file coords_37.json (JSON, C-alpha atoms)
[["chain", "number", "residue", "atom", "x", "y", "z"],
["A", 1, "MET", "CA", 0.00, 0.00, 0.00],
["A", 2, "SER", "CA", 2.80, 2.43, 0.85],
["A", 3, "ASN", "CA", 4.40, 1.61, -2.52],
["A", 4, "VAL", "CA", 1.19, 2.74, -4.33],
["A", 5, "VAL", "CA", 1.07, 5.96, -2.29],
["A", 6, "GLY", "CA", 4.76, 6.58, -3.06],
["A", 7, "LYS", "CA", 4.21, 6.19, -6.83],
["A", 8, "PHE", "CA", 1.17, 8.49, -6.64],
["A", 9, "SER", "CA", 3.13, 11.10, -4.66],
["A", 10, "ARG", "CA", 6.09, 11.01, -7.10],
["A", 11, "GLY", "CA", 3.70, 11.32, -10.10],
["A", 12, "PHE", "CA", 1.87, 14.21, -8.47],
["A", 13, "LEU", "CA", 5.18, 15.92, -7.61],
["A", 14, "THR", "CA", 6.44, 15.48, -11.19],
["A", 15, "LEU", "CA", 3.20, 16.86, -12.65],
["A", 16, "SER", "CA", 3.31, 19.85, -10.27],
["A", 17, "LEU", "CA", 6.94, 20.58, -11.22],
["A", 18, "VAL", "CA", 6.12, 20.47, -14.96],
["A", 19, "ALA", "CA", 3.13, 22.79, -14.46],
["A", 20, "GLY", "CA", 5.27, 25.18, -12.44],
["A", 21, "LEU", "CA", 7.99, 25.28, -15.10],
["A", 22, "GLY", "CA", 5.35, 25.79, -17.79],
["A", 23, "GLY", "CA", 4.23, 28.92, -15.96],
["A", 24, "CYS", "CA", 7.75, 30.33, -16.34],
["A", 25, "ASN", "CA", 7.11, 30.64, -20.06],
["A", 26, "SER", "CA", 4.12, 32.97, -19.62],
["A", 27, "ALA", "CA", 4.01, 36.58, -20.73],
["A", 28, "SER", "CA", 5.27, 38.54, -17.78],
["A", 29, "GLN", "CA", 7.27, 41.66, -17.06],
["A", 30, "GLY", "CA", 10.36, 39.54, -16.34],
["A", 31, "LEU", "CA", 13.30, 38.63, -18.54],
["A", 32, "ASP", "CA", 12.46, 38.01, -22.21],
["A", 33, "LEU", "CA", 14.58, 35.15, -23.55],
["A", 34, "SER", "CA", 13.30, 35.31, -27.13],
["A", 35, "SER", "CA", 15.71, 36.25, -29.90],
["A", 36, "ASN", "CA", 13.33, 38.84, -31.37],
["A", 37, "ALA", "CA", 12.75, 40.87, -28.22],
["A", 38, "ALA", "CA", 11.61, 44.46, -28.76],
["A", 39, "PRO", "CA", 14.10, 47.21, -27.93],
["A", 40, "ALA", "CA", 13.69, 48.82, -24.52],
["A", 41, "ASN", "CA", 12.63, 52.16, -26.06],
["A", 42, "ALA", "CA", 9.89, 50.68, -28.33],
["A", 43, "GLN", "CA", 6.36, 52.05, -28.06],
["A", 44, "PRO", "CA", 3.65, 49.66, -26.83],
["A", 45, "VAL", "CA", 1.56, 48.09, -29.62],
["A", 46, "GLN", "CA", -2.16, 48.84, -29.57],
["A", 47, "ALA", "CA", -4.44, 45.81, -29.71],
["A", 48, "VAL", "CA", -6.40, 45.45, -32.97],
["A", 49, "VAL", "CA", -10.01, 44.36, -32.75],
["A", 50, "GLN", "CA", -11.39, 42.70, -35.88],
["A", 51, "ALA", "CA", -14.61, 44.33, -37.05],
["A", 52, "TYR", "CA", -17.71, 42.32, -37.96],
["A", 53, "CYS", "CA", -17.83, 41.39, -41.67],
["A", 54, "PRO", "CA", -21.46, 41.15, -42.89],
["A", 55, "GLN", "CA", -22.72, 37.79, -44.16],
["A", 56, "VAL", "CA", -23.78, 37.28, -47.76],
["A", 57, "VAL", "CA", -27.40, 36.23, -48.24],
["A", 58, "MET", "CA", -29.28, 35.25, -51.38],
["A", 59, "ARG", "CA", -33.05, 35.55, -51.31],
["A", 60, "ASP", "CA", -35.05, 32.90, -53.16],
["A", 61, "GLN", "CA", -37.00, 35.47, -55.19],
["A", 62, "ASP", "CA", -33.89, 36.96, -56.83],
["A", 63, "ALA", "CA", -31.29, 34.15, -56.75],
["A", 64, "VAL", "CA", -32.45, 32.84, -60.15],
["A", 65, "TYR", "CA", -32.75, 34.81, -63.38],
["A", 66, "ARG", "CA", -34.60, 33.58, -66.47],
["A", 67, "SER", "CA", -34.61, 35.17, -69.90],
["A", 68, "TYR", "CA", -37.34, 34.29, -72.42],
["A", 69, "ALA", "CA", -37.78, 34.86, -76.14],
["A", 70, "ARG", "CA", -40.05, 37.76, -77.06],
["A", 71, "GLY", "CA", -43.65, 37.06, -76.06],
["A", 72, "GLY", "CA", -42.77, 33.87, -74.21],
["A", 73, "GLN", "CA", -42.68, 35.03, -70.59],
["A", 74, "ASP", "CA", -42.95, 32.02, -68.23],
["A", 75, "ASN", "CA", -43.28, 29.60, -71.18],
["A", 76, "PRO", "CA", -40.65, 26.83, -70.63],
["A", 77, "ASP", "CA", -40.37, 26.24, -74.40],
["A", 78, "LYS", "CA", -39.40, 29.89, -74.94],
["A", 79, "LEU", "CA", -36.65, 29.93, -72.26],
["A", 80, "LEU", "CA", -33.40, 31.36, -73.67],
["A", 81, "TYR", "CA", -31.26, 30.78, -70.57],
["A", 82, "GLN", "CA", -31.42, 30.51, -66.80],
["A", 83, "ALA", "CA", -28.75, 31.84, -64.42],
["A", 84, "SER", "CA", -28.37, 31.21, -60.71],
["A", 85, "PHE", "CA", -25.95, 31.82, -57.87],
["A", 86, "ASN", "CA", -24.73, 28.77, -55.96],
["A", 87, "ASP", "CA", -22.39, 30.06, -53.29],
["A", 88, "ALA", "CA", -20.82, 33.33, -52.17],
["A", 89, "THR", "CA", -18.17, 34.58, -49.78],
["A", 90, "ARG", "CA", -16.72, 37.92, -48.77],
["A", 91, "GLN", "CA", -13.69, 39.56, -47.21],
["A", 92, "CYS", "CA", -13.75, 42.88, -45.37],
["A", 93, "THR", "CA", -11.15, 45.54, -44.71],
["A", 94, "ALA", "CA", -11.80, 48.66, -42.70],
["A", 95, "ASN", "CA", -10.28, 51.99, -41.81],
["A", 96, "GLU", "CA", -11.64, 54.66, -39.48],
["A", 97, "THR", "CA", -14.43, 55.76, -41.84],
["A", 98, "THR", "CA", -15.08, 53.05, -44.45],
["A", 99, "MET", "CA", -15.57, 49.29, -44.59],
["A", 100, "THR", "CA", -14.75, 47.76, -47.98],
["A", 101, "ILE", "CA", -16.30, 44.41, -48.82],
["A", 102, "ASN", "CA", -14.77, 42.16, -51.48],
["A", 103, "LEU", "CA", -17.62, 39.95, -52.70],
["A", 104, "ILE", "CA", -17.04, 36.74, -54.71],
["A", 105, "ALA", "CA", -19.81, 34.42, -55.90],
["A", 106, "GLN", "CA", -20.06, 31.26, -57.97],
["A", 107, "GLY", "CA", -22.91, 30.92, -60.41],
["A", 108, "ARG", "CA", -24.15, 28.86, -63.31],
["A", 109, "VAL", "CA", -25.90, 29.76, -66.52],
["A", 110, "VAL", "CA", -27.73, 27.09, -68.54],
["A", 111, "GLN", "CA", -29.02, 27.34, -72.09],
["A", 112, "GLY", "CA", -32.79, 26.89, -72.48],
["A", 113, "PRO", "CA", -34.73, 25.18, -75.30],
["A", 114, "ALA", "CA", -35.03, 28.45, -77.28],
["A", 115, "GLY", "CA", -31.48, 29.58, -76.51],
["A", 116, "THR", "CA", -28.32, 29.55, -78.57],
["A", 117, "PRO", "CA", -24.68, 29.74, -77.51],
["A", 118, "GLY", "CA", -23.35, 33.26, -77.23],
["A", 119, "SER", "CA", -22.77, 36.22, -74.96],
["A", 120, "VAL", "CA", -25.37, 37.35, -72.43],
["A", 121, "THR", "CA", -25.39, 40.12, -69.84],
["A", 122, "LEU", "CA", -26.70, 39.23, -66.40],
["A", 123, "PRO", "CA", -28.29, 42.01, -64.29],
["A", 124, "VAL", "CA", -26.56, 41.32, -60.94],
["A", 125, "LEU", "CA", -27.79, 43.33, -57.95],
["A", 126, "VAL", "CA", -25.51, 43.89, -54.94],
["A", 127, "GLU", "CA", -27.00, 45.53, -51.86],
["A", 128, "VAL", "CA", -25.86, 46.05, -48.29],
["A", 129, "VAL", "CA", -28.73, 46.42, -45.86],
["A", 130, "ASP", "CA", -28.90, 47.05, -42.13],
["A", 131, "GLY", "CA", -32.38, 46.02, -41.09],
["A", 132, "ASP", "CA", -34.63, 48.05, -43.40],
["A", 133, "ASN", "CA", -31.94, 50.63, -44.25],
["A", 134, "VAL", "CA", -30.14, 50.24, -47.58],
["A", 135, "LEU", "CA", -26.51, 51.27, -47.09],
["A", 136, "TYR", "CA", -25.32, 50.36, -50.59],
["A", 137, "SER", "CA", -27.04, 49.31, -53.82],
["A", 138, "GLN", "CA", -25.59, 48.80, -57.27],
["A", 139, "LYS", "CA", -26.74, 46.96, -60.36],
["A", 140, "VAL", "CA", -23.86, 45.40, -62.31],
["A", 141, "ALA", "CA", -24.17, 44.39, -65.98],
["A", 142, "PHE", "CA", -22.13, 41.17, -65.84],
["A", 143, "PRO", "CA", -21.17, 39.58, -69.20],
["A", 144, "VAL", "CA", -21.04, 35.77, -69.50],
["A", 145, "GLU", "CA", -20.25, 33.65, -72.53],
["A", 146, "ILE", "CA", -22.61, 30.66, -72.77],
["A", 147, "PRO", "CA", -21.26, 27.62, -74.65],
["A", 148, "VAL", "CA", -23.57, 24.84, -75.82],
["A", 149, "GLY", "CA", -25.43, 23.57, -72.76],
["A", 150, "GLY", "CA", -24.15, 26.06, -70.19],
["A", 151, "THR", "CA", -21.24, 27.03, -67.98],
["A", 152, "GLN", "CA", -20.19, 28.12, -64.51],
["A", 153, "PHE", "CA", -19.03, 31.66, -63.82],
["A", 154, "ILE", "CA", -17.33, 33.63, -61.04],
["A", 155, "PHE", "CA", -18.72, 37.05, -60.15],
["A", 156, "SER", "CA", -16.57, 39.41, -58.11],
["A", 157, "LYS", "CA", -17.07, 42.92, -56.83],
["A", 158, "ALA", "CA", -14.17, 44.24, -54.80],
["A", 159, "ASP", "CA", -15.32, 47.81, -54.14],
["A", 160, "VAL", "CA", -18.50, 47.56, -52.05],
["A", 161, "GLN", "CA", -18.05, 50.36, -49.52],
["A", 162, "ILE", "CA", -20.21, 51.23, -46.51],
["A", 163, "PRO", "CA", -19.67, 53.62, -43.58],
["A", 164, "ASN", "CA", -17.57, 52.02, -40.85],
["A", 165, "ASN", "CA", -19.20, 52.45, -37.47],
["A", 166, "ALA", "CA", -17.26, 51.92, -34.26],
["A", 167, "GLY", "CA", -16.70, 48.14, -34.11],
["A", 168, "GLY", "CA", -17.66, 47.67, -37.78],
["A", 169, "ALA", "CA", -21.03, 46.84, -39.22],
["A", 170, "THR", "CA", -23.87, 45.88, -36.89],
["A", 171, "ARG", "CA", -24.94, 42.26, -36.50],
["A", 172, "PHE", "CA", -28.05, 43.08, -38.56],
["A", 173, "THR", "CA", -26.05, 44.17, -41.62],
["A", 174, "ARG", "CA", -26.19, 41.79, -44.59],
["A", 175, "VAL", "CA", -24.82, 41.76, -48.12],
["A", 176, "ARG", "CA", -27.66, 40.74, -50.44],
["A", 177, "LEU", "CA", -26.68, 39.24, -53.75],
["A", 178, "GLY", "CA", -29.11, 38.40, -56.52],
["A", 179, "PHE", "CA", -30.40, 39.34, -59.91],
["A", 180, "ASP", "CA", -32.38, 42.47, -60.66],
["A", 181, "THR", "CA", -35.65, 40.79, -61.59],
["A", 182, "GLY", "CA", -37.76, 43.95, -61.57],
["A", 183, "PRO", "CA", -39.64, 45.07, -64.67],
["A", 184, "ALA", "CA", -37.68, 46.94, -67.28],
["A", 185, "LYS", "CA", -37.88, 50.67, -66.68],
["A", 186, "LYS", "CA", -39.48, 52.68, -69.47],
["A", 187, "PRO", "CA", -37.41, 55.59, -70.73],
["A", 188, "ARG", "CA", -38.64, 59.03, -69.74],
["A", 189, "ARG", "CA", -40.02, 61.30, -72.45],
["A", 190, "SER", "CA", -38.87, 64.87, -72.45]]

call {"tool": "encode", "arguments": {"input": "coords_37.json", "output": "structure tokens"}}
result
Amino acid sequence: MSNVVGKFSRGFLTLSLVAGLGGCNSASQGLDLSSNAAPANAQPVQAVVQAYCPQVVMRDQDAVYRSYARGGQDNPDKLLYQASFNDATRQCTANETTMTINLIAQGRVVQGPAGTPGSVTLPVLVEVVDGDNVLYSQKVAFPVEIPVGGTQFIFSKADVQIPNNAGGATRFTRVRLGFDTGPAKKPRRS
């Protein structure tokens, strides 16, 4: 029995010694043994807090875009092509006044029964919203070359800028990505 207690005591002592020596390697005001120690006259470095980078969302009603031949709206036989977004990501950088969002999305465009291979222009809509407030909105005419059948494409917009609040965007801020599916605007007559 005393042999078991002795082994336990030695193990506990060894573990305590290792933990104590591990504490010697903590960040303290003592001697710095690292080879890249800062000079004694160096200014203290300010901590950097990463700002919140808004998520990208795609609403069902504008994540798919269909183009039909003239007079064939919603007729599957008259479909020229269909485009959709599959996935999106973003990267944010910020300074004191502005947050810049670099948006990248993967999409696919498929030729319809009435379509032919060629170049099309997709009406991509990028918006940044905070609750009901629209902070940024831009429609981008994005050209895509459709081969026979269809193809994947990569959409990128690196210059989405919104005001940078203290701590970055709020947790309610979202980047909305989709297609501008609204009716074509009639030109104004003068």

call {"tool": "atom_distance", "arguments": {"input": "coords_37.json", "atom1": "CA of Lys139 (chain A)", "atom2": "CA of Thr181 (chain A)"}}
result
10.9 Å

call {"tool": "residues_around", "arguments": {"input": "coords_37.json", "residues": "region 77-80 of chain A", "least_positions_apart": "6", "cutoff": "6 Å", "atoms": "all atoms listed in the file", "output": "list in words"}}
result
Ser67, Tyr68, Ala69, Gly112, Pro113, Ala114 and Gly115 of chain A

call {"tool": "atom_distance", "arguments": {"input": "coords_37.json", "atom1": "CA of Asn86 (chain A)", "atom2": "CA of Arg70 (chain A)"}}
result
27.6 Å

call {"tool": "residues_near_point", "arguments": {"input": "coords_37.json", "point": "(-15.1, 56.3, -47.2)", "cutoff": "10 Å", "atoms": "all atoms listed in the file", "output": "MDAnalysis selection string"}}
result
chainID A and resid 94:100 161:164

call {"tool": "closest_residue", "arguments": {"input": "coords_37.json", "among": "A:Glu145, A:Arg90, A:Gly72, A:Gly118", "to": "Ala105 (chain A)", "atoms": "all atoms listed in the file"}}
result
A:Arg90

call {"tool": "closest_residue", "arguments": {"input": "coords_37.json", "among": "A:Ile146, A:Val109, A:Val56, A:Cys92", "to": "Glu127 (chain A)", "atoms": "all atoms listed in the file"}}
result
A:Val56

call {"tool": "closest_residue", "arguments": {"input": "coords_37.json", "among": "A:Leu125, A:Ala141, A:Leu177, A:Val64", "to": "Arg108 (chain A)", "atoms": "all atoms listed in the file"}}
result
A:Val64

call {"tool": "closest_residue", "arguments": {"input": "coords_37.json", "among": "A:Tyr81, A:Tyr52, A:Tyr65, A:Phe142", "to": "Thr170 (chain A)", "atoms": "all atoms listed in the file"}}
result
A:Tyr52

call {"tool": "build_atoms", "arguments": {"input": "coords_37.json", "residues": "region 125-136 of chain A", "atoms": "all heavy atoms", "output": "PDB file, in the frame of the given file"}}
result
ATOM      1  N   LEU A 125     -27.487  42.273 -58.911  1.00  0.00           N
ATOM      2  CA  LEU A 125     -27.790  43.330 -57.950  1.00  0.00           C
ATOM      3  C   LEU A 125     -27.067  43.045 -56.643  1.00  0.00           C
ATOM      4  O   LEU A 125     -27.220  41.975 -56.056  1.00  0.00           O
ATOM      5  CB  LEU A 125     -29.293  43.417 -57.709  1.00  0.00           C
ATOM      6  CG  LEU A 125     -29.776  44.509 -56.753  1.00  0.00           C
ATOM      7  CD1 LEU A 125     -29.419  45.903 -57.290  1.00  0.00           C
ATOM      8  CD2 LEU A 125     -31.271  44.408 -56.529  1.00  0.00           C
ATOM      9  N   VAL A 126     -26.237  43.994 -56.203  1.00  0.00           N
ATOM     10  CA  VAL A 126     -25.510  43.890 -54.940  1.00  0.00           C
ATOM     11  C   VAL A 126     -26.031  44.982 -54.017  1.00  0.00           C
ATOM     12  O   VAL A 126     -26.034  46.164 -54.385  1.00  0.00           O
ATOM     13  CB  VAL A 126     -23.985  44.072 -55.152  1.00  0.00           C
ATOM     14  CG1 VAL A 126     -23.244  44.015 -53.825  1.00  0.00           C
ATOM     15  CG2 VAL A 126     -23.450  43.032 -56.119  1.00  0.00           C
ATOM     16  N   GLU A 127     -26.498  44.575 -52.844  1.00  0.00           N
ATOM     17  CA  GLU A 127     -27.000  45.530 -51.860  1.00  0.00           C
ATOM     18  C   GLU A 127     -26.418  45.199 -50.496  1.00  0.00           C
ATOM     19  O   GLU A 127     -26.184  44.028 -50.189  1.00  0.00           O
ATOM     20  CB  GLU A 127     -28.529  45.455 -51.751  1.00  0.00           C
ATOM     21  CG  GLU A 127     -29.268  45.891 -52.980  1.00  0.00           C
ATOM     22  CD  GLU A 127     -30.767  45.789 -52.811  1.00  0.00           C
ATOM     23  OE1 GLU A 127     -31.258  44.726 -52.378  1.00  0.00           O
ATOM     24  OE2 GLU A 127     -31.434  46.792 -53.105  1.00  0.00           O
ATOM     25  N   VAL A 128     -26.209  46.223 -49.697  1.00  0.00           N
ATOM     26  CA  VAL A 128     -25.860  46.050 -48.290  1.00  0.00           C
ATOM     27  C   VAL A 128     -26.968  46.709 -47.505  1.00  0.00           C
ATOM     28  O   VAL A 128     -27.271  47.888 -47.709  1.00  0.00           O
ATOM     29  CB  VAL A 128     -24.493  46.668 -47.935  1.00  0.00           C
ATOM     30  CG1 VAL A 128     -24.170  46.440 -46.468  1.00  0.00           C
ATOM     31  CG2 VAL A 128     -23.383  46.091 -48.812  1.00  0.00           C
ATOM     32  N   VAL A 129     -27.613  45.918 -46.642  1.00  0.00           N
ATOM     33  CA  VAL A 129     -28.730  46.420 -45.860  1.00  0.00           C
ATOM     34  C   VAL A 129     -28.452  46.225 -44.372  1.00  0.00           C
ATOM     35  O   VAL A 129     -27.776  45.284 -43.975  1.00  0.00           O
ATOM     36  CB  VAL A 129     -30.055  45.715 -46.247  1.00  0.00           C
ATOM     37  CG1 VAL A 129     -30.440  46.051 -47.678  1.00  0.00           C
ATOM     38  CG2 VAL A 129     -29.964  44.227 -46.064  1.00  0.00           C
ATOM     39  N   ASP A 130     -28.962  47.149 -43.585  1.00  0.00           N
ATOM     40  CA  ASP A 130     -28.900  47.050 -42.130  1.00  0.00           C
ATOM     41  C   ASP A 130     -30.338  47.169 -41.649  1.00  0.00           C
ATOM     42  O   ASP A 130     -30.879  48.264 -41.572  1.00  0.00           O
ATOM     43  CB  ASP A 130     -28.024  48.151 -41.549  1.00  0.00           C
ATOM     44  CG  ASP A 130     -27.799  47.988 -40.056  1.00  0.00           C
ATOM     45  OD1 ASP A 130     -28.330  47.022 -39.472  1.00  0.00           O
ATOM     46  OD2 ASP A 130     -27.094  48.827 -39.469  1.00  0.00           O
ATOM     47  N   GLY A 131     -30.953  46.016 -41.389  1.00  0.00           N
ATOM     48  CA  GLY A 131     -32.380  46.020 -41.090  1.00  0.00           C
ATOM     49  C   GLY A 131     -33.133  46.433 -42.327  1.00  0.00           C
ATOM     50  O   GLY A 131     -33.014  45.809 -43.378  1.00  0.00           O
ATOM     51  N   ASP A 132     -33.885  47.534 -42.250  1.00  0.00           N
ATOM     52  CA  ASP A 132     -34.630  48.050 -43.400  1.00  0.00           C
ATOM     53  C   ASP A 132     -33.863  49.139 -44.157  1.00  0.00           C
ATOM     54  O   ASP A 132     -34.314  49.605 -45.197  1.00  0.00           O
ATOM     55  CB  ASP A 132     -35.977  48.620 -42.950  1.00  0.00           C
ATOM     56  CG  ASP A 132     -36.913  47.525 -42.462  1.00  0.00           C
ATOM     57  OD1 ASP A 132     -36.778  46.368 -42.916  1.00  0.00           O
ATOM     58  OD2 ASP A 132     -37.789  47.825 -41.622  1.00  0.00           O
ATOM     59  N   ASN A 133     -32.724  49.560 -43.630  1.00  0.00           N
ATOM     60  CA  ASN A 133     -31.940  50.630 -44.250  1.00  0.00           C
ATOM     61  C   ASN A 133     -31.004  50.068 -45.311  1.00  0.00           C
ATOM     62  O   ASN A 133     -30.229  49.160 -45.034  1.00  0.00           O
ATOM     63  CB  ASN A 133     -31.114  51.380 -43.209  1.00  0.00           C
ATOM     64  CG  ASN A 133     -31.971  52.062 -42.177  1.00  0.00           C
ATOM     65  OD1 ASN A 133     -33.078  52.515 -42.473  1.00  0.00           O
ATOM     66  ND2 ASN A 133     -31.480  52.136 -40.959  1.00  0.00           N
ATOM     67  N   VAL A 134     -31.049  50.628 -46.506  1.00  0.00           N
ATOM     68  CA  VAL A 134     -30.140  50.240 -47.580  1.00  0.00           C
ATOM     69  C   VAL A 134     -28.909  51.133 -47.492  1.00  0.00           C
ATOM     70  O   VAL A 134     -28.991  52.352 -47.663  1.00  0.00           O
ATOM     71  CB  VAL A 134     -30.823  50.376 -48.963  1.00  0.00           C
ATOM     72  CG1 VAL A 134     -29.842  50.034 -50.068  1.00  0.00           C
ATOM     73  CG2 VAL A 134     -32.054  49.484 -49.040  1.00  0.00           C
ATOM     74  N   LEU A 135     -27.759  50.519 -47.210  1.00  0.00           N
ATOM     75  CA  LEU A 135     -26.510  51.270 -47.090  1.00  0.00           C
ATOM     76  C   LEU A 135     -25.777  51.382 -48.419  1.00  0.00           C
ATOM     77  O   LEU A 135     -24.983  52.299 -48.624  1.00  0.00           O
ATOM     78  CB  LEU A 135     -25.588  50.579 -46.071  1.00  0.00           C
ATOM     79  CG  LEU A 135     -26.157  50.347 -44.674  1.00  0.00           C
ATOM     80  CD1 LEU A 135     -25.175  49.569 -43.819  1.00  0.00           C
ATOM     81  CD2 LEU A 135     -26.515  51.664 -44.017  1.00  0.00           C
ATOM     82  N   TYR A 136     -26.018  50.409 -49.300  1.00  0.00           N
ATOM     83  CA  TYR A 136     -25.320  50.360 -50.590  1.00  0.00           C
ATOM     84  C   TYR A 136     -26.207  49.589 -51.560  1.00  0.00           C
ATOM     85  O   TYR A 136     -26.812  48.578 -51.188  1.00  0.00           O
ATOM     86  CB  TYR A 136     -23.983  49.647 -50.426  1.00  0.00           C
ATOM     87  CG  TYR A 136     -23.204  49.437 -51.707  1.00  0.00           C
ATOM     88  CD1 TYR A 136     -22.237  50.345 -52.106  1.00  0.00           C
ATOM     89  CD2 TYR A 136     -23.430  48.333 -52.512  1.00  0.00           C
ATOM     90  CE1 TYR A 136     -21.521  50.162 -53.281  1.00  0.00           C
ATOM     91  CE2 TYR A 136     -22.723  48.140 -53.690  1.00  0.00           C
ATOM     92  CZ  TYR A 136     -21.762  49.060 -54.061  1.00  0.00           C
ATOM     93  OH  TYR A 136     -21.051  48.868 -55.222  1.00  0.00           O
TER      94      TYR A 136
END
